[in-house]
$ cat run.cif   # mmCIF, C-alpha atoms and all ligand atoms
data_target
#
loop_
_atom_site.label_atom_id
_atom_site.label_comp_id
_atom_site.auth_asym_id
_atom_site.auth_seq_id
_atom_site.Cartn_x
_atom_site.Cartn_y
_atom_site.Cartn_z
CA MET A 1 0.00 0.00 0.00
CA LYS A 2 1.27 3.41 -0.96
CA LEU A 3 0.18 6.88 -0.03
CA LYS A 4 -1.44 8.70 -2.92
CA LYS A 5 -0.31 12.13 -3.99
CA TYR A 6 -2.86 13.65 -1.63
CA SER A 7 -3.44 12.26 1.82
CA LEU A 8 -5.42 13.49 4.76
CA GLY A 9 -4.67 12.80 8.40
CA ILE A 10 -7.88 12.52 10.34
CA GLY A 11 -8.24 12.15 14.08
CA ASP A 12 -11.14 10.36 15.67
CA ARG A 13 -10.78 10.58 19.43
CA PHE A 14 -13.60 8.19 20.31
CA ALA A 15 -13.26 5.92 17.28
CA HIS A 16 -16.94 6.26 16.34
CA GLN A 17 -16.74 8.45 13.21
CA GLY A 18 -14.52 6.44 10.87
CA LYS A 19 -17.36 5.81 8.45
CA ALA A 20 -18.49 9.44 8.41
CA GLN A 21 -14.91 10.61 7.89
CA LEU A 22 -14.31 8.13 5.11
CA SER A 23 -17.52 9.11 3.38
CA ALA A 24 -16.09 12.63 2.90
CA ILE A 25 -13.07 11.08 1.17
CA ILE A 26 -15.35 8.89 -0.93
CA GLN A 27 -17.26 12.01 -1.96
CA ALA A 28 -13.96 13.50 -3.16
CA LYS A 29 -13.12 10.33 -5.07
CA GLU A 30 -16.49 10.45 -6.77
CA ALA A 31 -15.62 13.98 -7.82
CA GLY A 32 -12.34 12.72 -9.30
CA VAL A 33 -9.90 13.52 -6.49
CA ASP A 34 -7.99 10.63 -4.91
CA ILE A 35 -7.09 11.09 -1.27
CA THR A 36 -5.54 8.51 1.06
CA PRO A 37 -7.11 8.57 4.51
CA VAL A 38 -4.71 8.26 7.43
CA TRP A 39 -6.16 7.87 10.90
CA ASN A 40 -3.85 9.59 13.32
CA LYS A 41 -3.87 9.51 17.09
CA SER A 42 -1.04 10.55 19.34
CA TYR A 43 0.25 8.93 22.50
CA ARG A 44 -1.08 11.93 24.43
CA GLU A 45 -4.61 11.37 23.10
CA HIS A 46 -4.48 7.66 23.83
CA GLN A 47 -3.30 8.38 27.39
CA ILE A 48 -6.03 10.94 28.05
CA ILE A 49 -8.82 8.79 26.63
CA GLY A 50 -7.49 5.46 27.85
CA SER A 51 -7.59 3.98 24.35
CA LYS A 52 -5.05 1.88 22.47
CA PRO A 53 -3.76 1.94 18.89
CA ALA A 54 -5.59 -1.35 18.36
CA ASP A 55 -8.87 0.56 18.85
CA THR A 56 -7.90 3.02 16.11
CA ARG A 57 -6.98 0.12 13.83
CA ARG A 58 -10.27 -1.64 14.53
CA ALA A 59 -12.28 1.51 13.82
CA ALA A 60 -10.38 2.19 10.60
CA ASP A 61 -10.78 -1.38 9.37
CA ALA A 62 -14.48 -1.33 10.24
CA ALA A 63 -15.03 1.96 8.36
CA VAL A 64 -13.22 0.58 5.32
CA LYS A 65 -15.29 -2.58 5.40
CA ALA A 66 -18.59 -0.79 5.93
CA THR A 67 -18.04 1.60 3.02
CA GLY A 68 -16.37 -0.87 0.65
CA TRP A 69 -13.28 1.37 0.37
CA ARG A 70 -10.71 -0.41 -1.81
CA ASP A 71 -7.92 2.14 -1.95
CA PRO A 72 -5.02 2.45 0.49
CA TYR A 73 -5.54 3.71 4.03
CA PHE A 74 -3.24 3.94 7.01
CA VAL A 75 -3.17 4.13 10.80
CA ASP A 76 -0.61 6.67 11.97
CA ALA A 77 1.47 6.38 15.13
CA ASP A 78 1.40 10.12 15.56
CA HIS A 79 4.42 11.89 17.06
CA ILE A 80 6.27 8.89 18.41
CA GLY A 81 9.72 8.63 19.86
CA MET A 82 11.86 5.77 21.13
CA LYS A 83 10.05 5.90 24.49
CA ASN A 84 6.61 5.06 23.09
CA VAL A 85 7.05 3.57 19.61
CA ASP A 86 6.49 0.01 20.87
CA PHE A 87 2.97 0.94 22.01
CA PHE A 88 2.06 1.47 18.33
CA LEU A 89 4.01 -1.24 16.53
CA ASP A 90 1.28 -3.85 16.08
CA SER A 91 -1.49 -1.55 14.94
CA SER A 92 0.22 1.14 12.87
CA ASP A 93 1.52 1.20 9.32
CA PHE A 94 2.39 4.89 9.25
CA PHE A 95 4.90 6.28 11.72
CA THR A 96 5.34 9.98 12.42
CA ILE A 97 8.80 9.96 13.93
CA ASP A 98 9.07 13.09 16.04
CA VAL A 99 12.64 14.26 16.56
CA ALA A 100 11.96 17.91 17.36
CA ASP A 101 13.45 17.55 20.85
CA PHE A 102 16.82 16.64 19.34
CA ILE A 103 17.19 19.77 17.23
CA GLY A 104 20.03 21.98 18.36
CA LYS A 105 21.49 19.38 20.73
CA PRO A 106 25.18 18.86 20.05
CA ALA A 107 26.20 15.86 17.94
CA ALA A 108 29.68 14.34 17.85
CA GLU A 109 32.01 16.84 16.19
CA SER A 110 33.60 14.17 13.99
CA LYS A 111 30.22 13.05 12.65
CA VAL A 112 29.23 16.62 11.90
CA ASP A 113 32.50 17.07 10.00
CA THR A 114 31.98 13.88 8.01
CA LEU A 115 28.45 14.74 6.87
CA ALA A 116 29.36 18.37 6.16
CA LYS A 117 32.27 17.15 4.03
CA GLN A 118 29.99 14.77 2.12
CA LEU A 119 27.76 17.73 1.35
CA SER A 120 30.61 20.03 0.34
CA ARG A 121 29.43 20.10 -3.27
CA TYR A 122 26.63 22.37 -2.03
CA VAL A 123 29.05 25.00 -0.79
CA GLY A 124 28.69 28.05 -3.03
CA SER A 125 25.84 29.32 -5.18
CA TRP A 126 23.29 27.06 -6.84
CA SER A 127 19.67 27.07 -7.91
CA ILE A 128 16.61 25.07 -7.04
CA PRO A 129 14.13 24.72 -9.91
CA GLY A 130 11.07 26.82 -9.14
CA ILE A 131 12.87 29.25 -6.82
CA ASP A 132 14.04 32.51 -8.34
CA GLU A 133 16.78 33.49 -5.90
CA LYS A 134 19.91 31.41 -5.88
CA VAL A 135 20.95 29.59 -2.72
CA THR A 136 24.30 30.75 -1.44
CA VAL A 137 25.90 28.93 1.46
CA ASN A 138 29.47 28.87 2.66
CA LYS A 139 31.32 26.03 4.34
CA GLU A 140 30.65 27.31 7.85
CA GLN A 141 26.91 27.63 7.21
CA VAL A 142 26.66 24.04 5.94
CA LYS A 143 28.53 22.84 9.00
CA LYS A 144 26.32 24.89 11.28
CA ILE A 145 23.11 23.48 9.77
CA VAL A 146 24.45 19.93 9.90
CA GLY A 147 25.51 20.50 13.51
CA LYS A 148 22.07 21.77 14.45
CA TYR A 149 20.15 18.85 12.95
CA LEU A 150 22.49 15.86 12.99
CA LEU A 151 21.36 14.47 16.34
CA ALA A 152 17.71 14.70 15.22
CA ILE A 153 18.63 12.91 11.98
CA GLU A 154 20.44 10.19 13.92
CA GLU A 155 17.51 9.76 16.29
CA ALA A 156 15.14 9.42 13.32
CA SER A 157 17.43 6.74 11.95
CA THR A 158 17.51 4.87 15.29
CA ILE A 159 13.70 4.89 15.52
CA TYR A 160 13.23 3.97 11.86
CA ASN A 161 15.60 1.01 12.18
CA HIS A 162 13.82 -0.11 15.32
CA ILE A 163 10.45 -0.10 13.52
CA LEU A 164 11.98 -1.85 10.52
CA SER A 165 13.42 -4.63 12.68
CA GLN A 166 10.08 -5.14 14.45
CA LYS A 167 7.81 -4.98 11.41
CA GLN A 168 9.55 -7.99 9.81
CA GLY A 169 9.02 -7.24 6.16
CA GLU A 170 5.66 -5.49 6.50
CA SER A 171 5.56 -2.23 4.61
CA PHE A 172 4.86 1.04 6.38
CA ALA A 173 4.96 4.75 5.63
CA VAL A 174 7.62 6.91 7.25
CA GLU A 175 7.26 10.53 8.24
CA VAL A 176 9.82 12.58 10.10
CA SER A 177 8.37 15.52 12.00
CA MET A 178 10.18 18.55 13.33
CA ASP A 179 7.19 20.79 13.83
CA GLU A 180 6.82 20.75 17.59
CA THR A 181 9.68 23.09 18.29
CA SER A 182 9.99 26.81 18.90
CA SER A 183 11.48 28.09 15.65
CA SER A 184 10.65 27.26 12.06
CA GLN A 185 13.11 25.66 9.65
CA THR A 186 14.18 27.57 6.57
CA PRO A 187 13.91 25.94 3.12
CA VAL A 188 17.71 25.69 3.00
CA GLU A 189 17.75 23.93 6.36
CA LEU A 190 15.05 21.58 5.06
CA PHE A 191 17.29 20.76 2.10
CA PHE A 192 20.17 19.71 4.33
CA ILE A 193 17.86 17.83 6.71
CA LEU A 194 16.60 15.80 3.74
CA ALA A 195 20.20 15.20 2.71
CA GLY A 196 21.00 13.83 6.16
CA LEU A 197 17.89 11.63 6.32
CA ALA A 198 18.64 10.24 2.84
CA HIS A 199 22.22 9.65 3.87
CA ARG A 200 21.02 7.49 6.78
CA GLY A 201 18.95 5.43 4.35
CA ILE A 202 15.52 6.43 5.62
CA PRO A 203 12.94 5.85 2.84
CA LEU A 204 11.04 8.97 3.71
CA ASN A 205 7.46 9.37 2.46
CA THR A 206 6.60 12.62 4.17
CA ILE A 207 8.44 15.32 6.08
CA ALA A 208 6.83 17.77 8.47
CA PRO A 209 8.89 20.89 9.01
CA LYS A 210 7.81 23.70 11.27
CA PHE A 211 6.46 26.58 9.22
CA SER A 212 6.40 30.14 10.43
CA GLY A 213 3.22 31.37 12.08
CA GLU A 214 1.02 29.73 14.67
CA PHE A 215 -0.80 26.47 14.03
CA ASN A 216 -3.09 26.30 17.02
CA LYS A 217 -5.57 23.50 17.46
CA GLY A 218 -8.90 23.85 15.73
CA ILE A 219 -8.62 27.52 14.79
CA ASP A 220 -7.33 29.44 11.79
CA TYR A 221 -3.72 30.25 10.99
CA ILE A 222 -2.21 33.16 12.89
CA GLY A 223 0.68 34.83 11.12
CA ASN A 224 1.85 36.45 7.93
CA ILE A 225 0.09 34.64 5.09
CA ASP A 226 2.43 35.99 2.39
CA GLN A 227 5.44 34.83 4.33
CA PHE A 228 3.92 31.40 4.88
CA THR A 229 3.07 31.15 1.19
CA ARG A 230 6.61 31.98 0.11
CA GLU A 231 8.05 29.51 2.58
CA PHE A 232 5.62 26.75 1.59
CA GLU A 233 6.41 27.29 -2.07
CA GLN A 234 10.14 27.09 -1.42
CA ASP A 235 9.71 23.99 0.72
CA VAL A 236 7.73 22.27 -2.04
CA ALA A 237 10.51 23.14 -4.50
CA VAL A 238 13.19 21.93 -2.07
CA VAL A 239 11.46 18.57 -1.58
CA GLN A 240 11.19 18.00 -5.34
CA PHE A 241 14.81 18.97 -5.86
CA ALA A 242 16.06 16.85 -2.94
CA VAL A 243 14.31 13.76 -4.31
CA GLY A 244 16.52 13.89 -7.38
CA GLU A 245 19.67 14.96 -5.61
CA PHE A 246 19.58 12.38 -2.83
CA LYS A 247 17.61 9.52 -4.40
CA LEU A 248 14.79 9.82 -1.90
CA PRO A 249 11.46 8.10 -2.74
CA ALA A 250 9.96 9.79 -5.79
CA ASP A 251 6.66 10.39 -4.02
CA LEU A 252 8.18 12.19 -1.03
CA LYS A 253 5.99 15.13 -0.05
CA LEU A 254 5.51 17.71 2.64
CA SER A 255 3.30 17.00 5.62
CA VAL A 256 1.53 19.94 7.12
CA HIS A 257 0.56 19.44 10.74
CA SER A 258 -2.23 21.90 10.47
CA GLY A 259 -3.85 21.44 13.85
CA SER A 260 -7.00 21.66 11.66
CA ASP A 261 -8.89 24.55 10.19
CA LYS A 262 -6.09 26.66 8.70
CA PHE A 263 -8.62 28.05 6.25
CA SER A 264 -6.72 31.19 5.34
CA ILE A 265 -3.70 29.26 4.00
CA TYR A 266 -5.59 26.48 2.19
CA GLN A 267 -6.05 28.47 -1.01
CA PRO A 268 -2.39 29.53 -1.29
CA MET A 269 -1.34 25.94 -0.59
CA HIS A 270 -3.70 24.66 -3.26
CA ARG A 271 -2.29 27.10 -5.81
CA ILE A 272 1.31 26.08 -5.11
CA LEU A 273 0.57 22.36 -5.16
CA LYS A 274 -0.99 22.82 -8.60
CA LYS A 275 1.91 24.93 -9.81
CA PHE A 276 4.47 22.28 -8.84
CA ASP A 277 2.18 19.31 -9.52
CA ALA A 278 3.12 18.30 -5.98
CA GLY A 279 1.42 16.16 -3.39
CA VAL A 280 0.87 16.91 0.27
CA HIS A 281 -0.15 15.22 3.48
CA LEU A 282 -2.50 17.43 5.45
CA LYS A 283 -2.71 16.30 9.03
CA THR A 284 -5.72 17.55 10.92
CA ALA A 285 -6.27 17.37 14.66
CA GLY A 286 -9.09 15.72 16.56
CA THR A 287 -11.71 18.28 15.57
CA THR A 288 -14.07 15.47 14.61
CA TRP A 289 -14.81 15.37 18.32
CA LEU A 290 -16.10 18.94 18.08
CA GLU A 291 -18.42 17.85 15.27
CA GLU A 292 -19.73 15.20 17.65
CA LEU A 293 -20.51 17.94 20.16
CA ILE A 294 -22.12 20.07 17.45
CA GLY A 295 -24.24 17.10 16.39
CA LEU A 296 -25.27 16.41 19.98
CA ALA A 297 -26.21 20.04 20.54
CA GLU A 298 -28.07 20.16 17.24
CA ALA A 299 -30.04 17.07 18.25
CA GLY A 300 -31.34 19.02 21.25
CA GLY A 301 -32.83 17.37 24.34
CA GLU A 302 -30.39 15.20 26.26
CA GLY A 303 -27.76 15.73 23.54
CA LEU A 304 -27.76 19.47 24.08
CA ALA A 305 -27.88 18.99 27.85
CA LEU A 306 -24.78 16.77 27.69
CA ALA A 307 -22.92 19.25 25.47
CA ARG A 308 -23.68 22.04 27.99
CA GLU A 309 -22.61 19.84 30.87
CA ILE A 310 -19.28 19.06 29.17
CA TYR A 311 -18.61 22.77 28.73
CA LYS A 312 -19.47 23.54 32.35
CA GLU A 313 -17.11 20.83 33.54
CA ALA A 314 -14.41 22.03 31.12
CA LEU A 315 -14.60 25.49 32.67
CA ASN A 316 -14.25 24.00 36.14
CA ARG A 317 -11.23 21.99 35.11
CA TYR A 318 -9.71 24.62 32.85
CA ASP A 319 -6.09 24.45 34.09
CA GLU A 320 -5.92 20.70 34.01
CA LEU A 321 -7.37 20.45 30.49
CA VAL A 322 -5.26 23.12 28.84
CA ALA A 323 -1.98 22.07 30.50
CA PRO A 324 -0.99 19.38 27.94
CA TYR A 325 -1.82 21.78 25.09
CA LEU A 326 -0.41 25.09 26.28
CA SER A 327 1.89 25.57 23.29
CA VAL A 328 -0.84 24.93 20.72
CA ILE A 329 -3.88 26.77 22.05
CA HIS A 330 -4.49 30.42 22.64
CA ILE A 331 -7.52 30.99 24.83
CA ILE A 332 -8.41 34.39 26.24
CA THR A 333 -10.34 33.37 29.33
CA GLY A 334 -12.23 36.67 29.46
CA GLN A 335 -13.82 35.74 26.14
CA LEU A 336 -15.22 32.46 27.42
CA PRO A 337 -18.97 32.40 28.09
CA THR A 338 -19.90 31.57 31.67
CA ALA A 339 -21.55 28.28 32.55
CA LYS A 340 -24.68 30.25 33.46
CA GLU A 341 -24.88 31.82 30.01
CA VAL A 342 -24.35 28.50 28.23
CA GLU A 343 -27.02 26.94 30.43
CA LYS A 344 -29.51 29.19 28.62
CA TRP A 345 -28.22 28.46 25.11
CA ASP A 346 -30.49 26.62 22.73
CA GLU A 347 -29.35 24.35 19.86
CA GLU A 348 -28.71 27.30 17.58
CA ALA A 349 -26.71 29.32 20.13
CA PHE A 350 -24.49 26.39 21.09
CA THR A 351 -23.72 25.26 17.54
CA SER A 352 -23.17 28.85 16.33
CA ALA A 353 -20.55 29.42 19.01
CA LEU A 354 -18.78 26.12 18.31
CA ARG A 355 -18.98 25.49 14.56
CA HIS A 356 -16.00 26.98 12.75
CA ASP A 357 -17.88 29.42 10.57
CA GLN A 358 -15.96 32.68 10.67
CA ASP A 359 -18.85 34.52 9.04
CA ASN A 360 -21.12 33.71 11.94
CA PRO A 361 -20.97 36.62 14.41
CA TYR A 362 -21.67 34.23 17.30
CA PHE A 363 -18.69 32.01 16.54
CA ASN A 364 -16.39 31.99 19.58
CA LEU A 365 -12.90 30.64 19.01
CA HIS A 366 -12.11 30.60 22.73
CA PHE A 367 -15.16 28.48 23.48
CA ARG A 368 -14.14 26.22 20.59
CA GLN A 369 -10.57 25.81 21.79
CA LEU A 370 -11.55 24.96 25.34
CA LEU A 371 -13.96 22.31 24.13
CA HIS A 372 -11.30 21.02 21.74
CA VAL A 373 -9.13 20.06 24.72
CA GLY A 374 -12.15 19.07 26.81
CA TYR A 375 -12.49 15.56 25.40
CA LYS A 376 -11.12 14.12 28.62
CA ILE A 377 -14.47 14.90 30.23
CA ALA A 378 -16.42 13.01 27.59
CA ALA A 379 -13.93 10.13 27.90
CA ALA A 380 -14.62 9.93 31.64
CA MET A 381 -18.38 9.84 30.98
CA GLY A 382 -17.78 6.59 29.16
CA ASP A 383 -20.95 4.95 28.00
CA ARG A 384 -23.11 7.94 28.88
CA TYR A 385 -21.35 9.83 26.13
CA LEU A 386 -20.96 6.95 23.68
CA ARG A 387 -24.62 5.97 23.97
CA LEU A 388 -25.66 9.45 22.84
CA LEU A 389 -23.16 9.31 19.99
CA ARG A 390 -24.82 6.15 18.77
CA LYS A 391 -28.30 7.48 19.34
CA ASN A 392 -27.60 10.63 17.33
CA GLU A 393 -25.39 8.98 14.74
CA ASN A 394 -27.12 10.51 11.73
CA VAL A 395 -26.98 14.14 12.75
CA ILE A 396 -23.38 13.74 13.98
CA ALA A 397 -22.21 11.89 10.85
CA LYS A 398 -23.61 14.66 8.68
CA ASN A 399 -21.60 17.27 10.58
CA VAL A 400 -18.43 15.15 10.54
CA SER A 401 -18.55 14.49 6.78
CA GLU A 402 -19.55 17.99 5.84
CA ASN A 403 -16.79 19.52 7.93
CA ILE A 404 -14.09 17.37 6.31
CA PHE A 405 -15.40 17.70 2.78
CA GLU A 406 -16.52 21.32 2.65
CA ARG A 407 -14.00 23.01 4.93
CA HIS A 408 -10.87 20.95 4.26
CA ILE A 409 -10.96 18.72 1.18
CA LYS A 410 -12.59 21.23 -1.13
CA PRO A 411 -10.34 24.24 -0.53
CA ILE A 412 -7.06 22.37 -0.43
CA PHE A 413 -7.45 19.46 -2.84
CA MET A 414 -10.16 20.64 -5.23
CA ASP A 415 -10.69 23.78 -7.21
ZN ZN A 501 2.87 17.85 14.68
#
$ encode --input "run.cif" --output "structure tokens" --more "lines below"
Ligand SMILES: [Zn+2]
Amino acid sequence: MKLKKYSLGIGDRFAHQGKAQLSAIIQAKEAGVDITPVWNKSYREHQIIGSKPADTRRAADAAVKATGWRDPYFVDADHIGMKNVDFFLDSSDFFTIDVADFIGKPAAESKVDTLAKQLSRYVGSWSIPGIDEKVTVNKEQVKKIVGKYLLAIEEASTIYNHILSQKQGESFAVEVSMDETSSSQTPVELFFILAGLAHRGIPLNTIAPKFSGEFNKGIDYIGNIDQFTREFEQDVAVVQFAVGEFKLPADLKLSVHSGSDKFSIYQPMHRILKKFDAGVHLKTAGTTWLEELIGLAEAGGEGLALAREIYKEALNRYDELVAPYLSVIHIITGQLPTAKEVEKWDEEAFTSALRHDQDNPYFNLHFRQLLHVGYKIAAAMGDRYLRLLRKNENVIAKNVSENIFERHIKPIFMD
């Protein structure tokens, strides 16, 4: 199984929406756009919910079976490191190897020298097809970049070889991610990172650099869109160039860990992908869970009551819920509605505040972000929550599919 040119990472915290998610991808296929679904769930999510990768695998397989999907699909061990890779081995066939913590840590001087020497043909001025300005780097700059990233490259190699030895001939997709770090990588840095990963023999399918700007969970991009666009374009060009230079897999593509809902950069991304005839992996976060809440609220009655109750509890446990997500959410607490206010909200008021429709004056991105990290509360409710999911399956599924198809697939993969 191979990833298609376009692939979409979808999270499903409670493993009940696989079919609804897949139906959005089927809708795209019927419209002539092939997308590979990849179900992603991180160790953090599994810990908070108390689920296991085998649950994700079961839900993905069941969705595929129920819809008669015959194309490739994957289950992603999202953001793994040596300390938790084993947890995912049996159930995953896509590994997002996260080496961000190793960036900037000193590697052995002799190894840095060796790799820098092997890359010495890139000292000087040269061009990358598709980029107007020439790249000019001197010997010291190459050495500095190699020094900054070598330990991360070596760690990626260690983890990749561990997976390879355990998977015993089974094929799997490999992503290296460097996005969960404080500063973004430049296109030139990305070029040398790819050189190092190729040099260690990692058959890379996707690479997730950190782009400039903020990619908070479940809300739009915050940052300079022109700057992002330039950087994304250069990164796409770098990846295509690196494939030829370093004999990386021909279908290597960028992975954008979007955190979901980066609506304002979808159009520029789409334009650049078309221009370069390039593929992309767009990883979204667990916003399907918010569509479950929207569906419950829309259903009214006990569904709406439960949605209100979850919000009230989320307010009470604010610090605890936001703690694991501090670097990827941006909530202004003064903008959060009080529990008393929400108690009075009807279906319309609740869904207007939560659904990511920026044209709706009642949309509240702070409310949305708090609920995004509030899934722990629903997890603790156990069957009380899951029973209502099943009971309101139709209204929830409609929201889940529509969200993926209309707000994500259409703007980024279709015209
Ligand atoms: Zn990420």
$ residues_around --input "run.cif" --residues "stretch 50-55 of chain A" --least-positions-apart "3" --cutoff "9 Å" --atoms "all atoms listed in the file" --output "list of chain:residue names"
A:Arg13, A:Phe14, A:Ala15, A:Lys41, A:Tyr43, A:Glu45, A:His46, A:Gln47, A:Arg58, A:Ala59, A:Ala60, A:Val75, A:Asp76, A:Ala77, A:Phe87, A:Phe88, A:Leu89, A:Asp90, A:Ser91, A:Ser92, A:Ala379
$ residues_near_ligand --input "run.cif" --ligand "ligand ZN 501 (chain A)" --cutoff "7 Å" --atoms "only C-alpha atoms and all ligand atoms" --output "PyMOL selection string"
chain A and resi 79+177+179-180+257
$ residues_around --input "run.cif" --residues "stretch 215-218 of chain A" --least-positions-apart "5" --cutoff "9 Å" --atoms "all atoms listed in the file" --output "MDAnalysis selection string"
chainID A and resid 223 257:262 284:287 325 327:330 356 365 368:369 372:373
$ closest_residue --input "run.cif" --among "A:Val137, A:Met269, A:Ile404, A:Leu354" --to "A:Ile10" --atoms "all atoms listed in the file"
A:Ile404
$ closest_residue --input "run.cif" --among "A:Val280, A:Met381, A:Leu336, A:Leu22" --to "A:Ile207" --atoms "all atoms listed in the file"
A:Val280
